[in-house]
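Presented below is the structure to which this report refers.
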Amino acid sequence: MPFAYYLYSIIAYPILYILPAYVANGSPVIFGGGKPLDLSKKIKGIRIFGDNKTIKGTIAALLSGIAIGALEFPFFKYMLLISVLLAIGTVFGDLLGSFVKRRMSMRPGAPFPIMDQYGFFIFAMLFAAPLGHYPDFYGILFLIILTGALHVLTNRGAHMLHLKKVPW
């Protein structure tokens, strides 16, 4: 196979595929804030998600992920629906992580290894998987490595720009 094929199938296509999830995952840091998604409700005396998961941030995540799919739509007709599922899966994974952290009595912003880095990614991929078109094995392996690296870089950058209180 020619090098261009490998470049496309292992790097370019996987990035284009996961981009709606990446953007959905990062947009609440920029566009979030305001009223908490759980409206300060509690289950057995413990907040459901906490103050860091907001209505505005959740809507921003969904809309930005879908917007990326709309931009990809002229080139990949199937990506619009996939982007919807990737965005929903991203939000679900992030909220699940916060829910579990609250149940484990972890303070908001406390590091939660694996779930912090990969929760959104795992659920985005699971939600979109039934529609197919996902990257091949090596493309997914590349995305796993990229997601871990981007998590560190983007969180440190957001912290340096005072968009996040903690660098993780």
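Going through the structure tokens in order, the chains are called A, B, and so on, while each chain numbers its residues from 1 and the ligands are numbered from 1 in the order shown.
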Checklist line | Every residue of segment 6-164 of chain A that DSSP places in alpha helix (DSSP H), as an MDAnalysis selection string | finding: chainID A and resid 6 13:31 55:72 79:103 115:128 137:160
Checklist line | Residue neighbourhood Thr54 of chain A, 7 Å, only C-alpha atoms, exclusion window fewer than 3 positions, as number ranges by chain | finding: A: 32-37, 51, 57-58
Those residues with C-alpha atoms, as an mmCIF file, in the first residue's frame please?
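In the end it all went to part-v9.cif:
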```cif
data_model
loop_
_atom_site.group_PDB
_atom_site.id
_atom_site.type_symbol
_atom_site.label_atom_id
_atom_site.label_comp_id
_atom_site.auth_asym_id
_atom_site.auth_seq_id
_atom_site.Cartn_x
_atom_site.Cartn_y
_atom_site.Cartn_z
ATOM 1 C CA GLY A 32 -19.779 26.850 29.772
ATOM 2 C CA GLY A 33 -20.574 28.426 33.097
ATOM 3 C CA GLY A 34 -23.823 29.475 34.642
ATOM 4 C CA LYS A 35 -26.554 27.338 36.110
ATOM 5 C CA PRO A 36 -25.537 23.793 37.064
ATOM 6 C CA LEU A 37 -27.042 21.027 34.969
ATOM 7 C CA ASP A 51 -21.302 22.986 39.817
ATOM 8 C CA GLY A 57 -21.681 23.878 28.840
ATOM 9 C CA THR A 58 -23.778 20.821 27.988
#
```
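With only C-alpha atoms as the atoms that count, the minimum distance from Ile88 of chain A to the choices A:Tyr134, A:Phe73, A:Phe120, A:Phe112 is reached by A:Phe120.
If you measure from each of A:Tyr8, A:Tyr13, A:Phe99, A:Trp168 to Gln117 of chain A using only C-alpha atoms, the closest one turns out to be A:Trp168.
Counting only C-alpha atoms and comparing A:Ile48, A:Val29, A:Leu85, A:Ile18, the residue that lies closest to Lys164 of chain A is A:Val29.
Atom pair atom CA of Val23 of chain A / atom CA of Ala70 of chain A: separated by 12.9 Å.
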